[in-house]
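Okay, structure first, notes after.
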Amino acid sequence: MATPDLLFGLRNNFFLGAYQAAINNSDIPNLSEEESIERDSLVYRSYIALGSYQLVINEIESTAATALQAVKLLALYLSSPENKEATIASLQEYLSDPAYGNNPIVRLIAGIVFMHEKDYVEALKHTNVGGTMELHALNVQILIKMHRSDYAEKQLRIMQQIDEDHTLTQLANAWLNLAVGGSKIQEASLIFQDFSEKYQMTSLILNGKAVCCLHMEKIDEAESLLLEALNKANSLYSFHLPLLDVLYLPRCPLTHPHTPFIDEMQQDAKDPETLANLVVCSLHLGKQSSRYLSQLKLSHPEHVLVKRASAAEESFDRAVQTLA
């Protein structure tokens with residue numbers, strides 16, 4: 001008889017962006033030492049996804065397990081731009097030591113950090129061998145960002161062979177379908193619809209459904225879903241990770257589904273991907289988008305849409321000056 005997976009619900013909440021639910025339901029009895037470390041890792045990563053970096057930094061002591069030390073490094077990395085260089089140096093020390101570098105959580109955190117740095121080759125160096133479903137899913141995300149859907153599909157096939165029904169397998173399938181586009185959009189839409197019927201509605205699920213609607217030119221429906229996601233982020237502070245440059249904008253610039261790992265790094269009271277997708281929606285509907293873009297600039301000045309908008313404004317200003 002198979003041993004029950006005591007952490008299934010906690011993992012599922014985390015993967016689908018229900019971070020507060022993950023925290024609230026983390027008091028699970030009869031866990032082994034290994035399971036307790038995984039539980040604590042997921043809880044602290046949930047706090048990180050909610051923007052509570054200092055809580056994680058303060059609570060994880062120097063004597064904590066290696067996996068938790070890696071999670072603390074992620075909190076340090078995200079807490080302040082001034083911490084990034086020193087944190088990456090500390091992470092490199094862990095990775096160079098065989099006693100720590102083979103830990104799957106250390107490799108996962110390394111992949112997340114280097115992906116955030118847009119150093120995708122370095123990220124894959126630590127994640128490519130896989131070993132856990134999270135590492136395989138992160139590989140899919142990185143490869144999509146590298147515009148290598150062919151290799152991302154190979155990673156997805158590995159995940160499907162391990163567990164076709166796993167939440168991360170389904171999410172990775174949806175991300176890849178969005179990246180490929182065309183008839184695959186309907187398949188992605190069905191995956192997010194299935195999530196919305198089975199589990200607590202989160203910004204991750206709502207953004208996924210909305211991006212599918214945008215691709216299918218159901219703009220009004222997409223806007224409704226995104227406004228619901230924005231309300232959740234503002235009232236519940238239930239933010240979600242991520243991640244893909246699966247930018248919709250056939251006529252405008254871009255749209256992002258929420259994805260774990262990336263969303264894990266950019267949470268606060270204003271959900272960046274919801275705001276970015278609302279900018280796109282507004283442009284398609286001929287509505288004013290400046291308020292959403294202003295919120296995005298204030299809360300996430302490094303967001304790709306902000307950078308693209310700023311570059312476009314600078315190019316326009318230069319063109320005007322040449323005509324003056």
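Ordering of the structure tokens sets the chain letters (A, B, ...), residue numbers begin anew at 1 in every chain, and ligands are numbered from 1 in the order given.
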**Prompt:** Quick one: residues within 8 Å of Leu176 (chain A), only C-alpha atoms counted, chain neighbours fewer than 4 positions away excluded, as a ChimeraX atom specification?
**Reply:** /A:140,144,149,152-153,172,180
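Closest to Ala123 (chain A) among A:Ile142, A:Ala137, A:Cys212, A:Ile191 is A:Ile142, based on only C-alpha atoms.
Note that the spacing between CA of Ala70 (chain A) and CA of Ser26 (chain A) amounts to 19.8 Å.
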Would you mind listing, for every residue of region 125-190 of chain A within 12 Å of region 82-103 of chain A, the two atoms forming the shortest contact and the distance between them in Å to one decimal, using only C-alpha atoms, sorted by chain and ascending residue number, as a tab-separated table?
```
residue	atom	partner	partner_atom	distance
A:Lys125	CA	A:Leu95	CA	10.7
A:His126	CA	A:Leu95	CA	8.4
A:Thr127	CA	A:Asn102	CA	10.3
A:Val129	CA	A:Asn102	CA	10.4
A:Gly130	CA	A:Asn102	CA	10.8
A:Gly131	CA	A:Asn103	CA	9.9
A:Thr132	CA	A:Asn103	CA	10.7
A:Leu135	CA	A:Asn103	CA	11.4
```
Write out as a tab-separated table a residue-level contact list of region 70-180 of chain A versus region 196-205 of chain A with cut-off 12 Å: for each qualifying residue the closest pair of atoms and the distance in Å to one decimal, counting only C-alpha atoms, rows sorted by chain and residue number upward.
```
residue	atom	partner	partner_atom	distance
A:Thr167	CA	A:Tyr199	CA	10.9
A:Leu171	CA	A:Ile205	CA	9.8
A:Ala174	CA	A:Ile205	CA	10.9
A:Trp175	CA	A:Leu204	CA	11.8
```
Generate a file of the selected residues that holds N, CA, C and O atoms, formatted as a PDB file, in the first residue's frame.
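Below you can see selection-v1.pdb, which holds the result:
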```pdb
ATOM      1  N   THR A 167       0.552  18.557 -10.867  1.00  0.00           N
ATOM      2  CA  THR A 167       0.192  19.960 -11.091  1.00  0.00           C
ATOM      3  C   THR A 167       1.254  20.687 -11.893  1.00  0.00           C
ATOM      4  O   THR A 167       0.941  21.458 -12.809  1.00  0.00           O
ATOM      5  N   LEU A 171       0.928  22.548 -15.460  1.00  0.00           N
ATOM      6  CA  LEU A 171       1.323  23.959 -15.619  1.00  0.00           C
ATOM      7  C   LEU A 171       2.365  24.111 -16.727  1.00  0.00           C
ATOM      8  O   LEU A 171       2.258  25.007 -17.577  1.00  0.00           O
ATOM      9  N   ALA A 174       0.793  23.923 -20.017  1.00  0.00           N
ATOM     10  CA  ALA A 174       0.085  25.163 -20.360  1.00  0.00           C
ATOM     11  C   ALA A 174       1.064  26.248 -20.795  1.00  0.00           C
ATOM     12  O   ALA A 174       0.836  26.957 -21.778  1.00  0.00           O
ATOM     13  N   TRP A 175       2.185  26.391 -20.064  1.00  0.00           N
ATOM     14  CA  TRP A 175       3.193  27.410 -20.436  1.00  0.00           C
ATOM     15  C   TRP A 175       3.715  27.157 -21.846  1.00  0.00           C
ATOM     16  O   TRP A 175       3.827  28.079 -22.653  1.00  0.00           O
TER      17      TRP A 175
END
```
**Message:** Measuring between only C-alpha atoms, which one of A:Ala65, A:Ile23, A:Leu124, A:Val56 shows the shortest distance to Val43 (chain A)?
**Reply:** A:Ile23
**Prompt:** To one decimal place, how far is CA of Lys209 (chain A) from CA of Leu278 (chain A) in Å?
**Reply:** 13.2 Å
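Nearest-residue note for Tyr47 (chain A): choosing from A:Asn13, A:Gln20, A:Thr169, A:Ser294, the minimum distance belongs to A:Gln20, counting only C-alpha atoms.
Each of A:Val304, A:Ser46, A:Glu34, A:Ala64 was compared to His116 (chain A) using only C-alpha atoms, and A:Val304 turns out to be the nearest.
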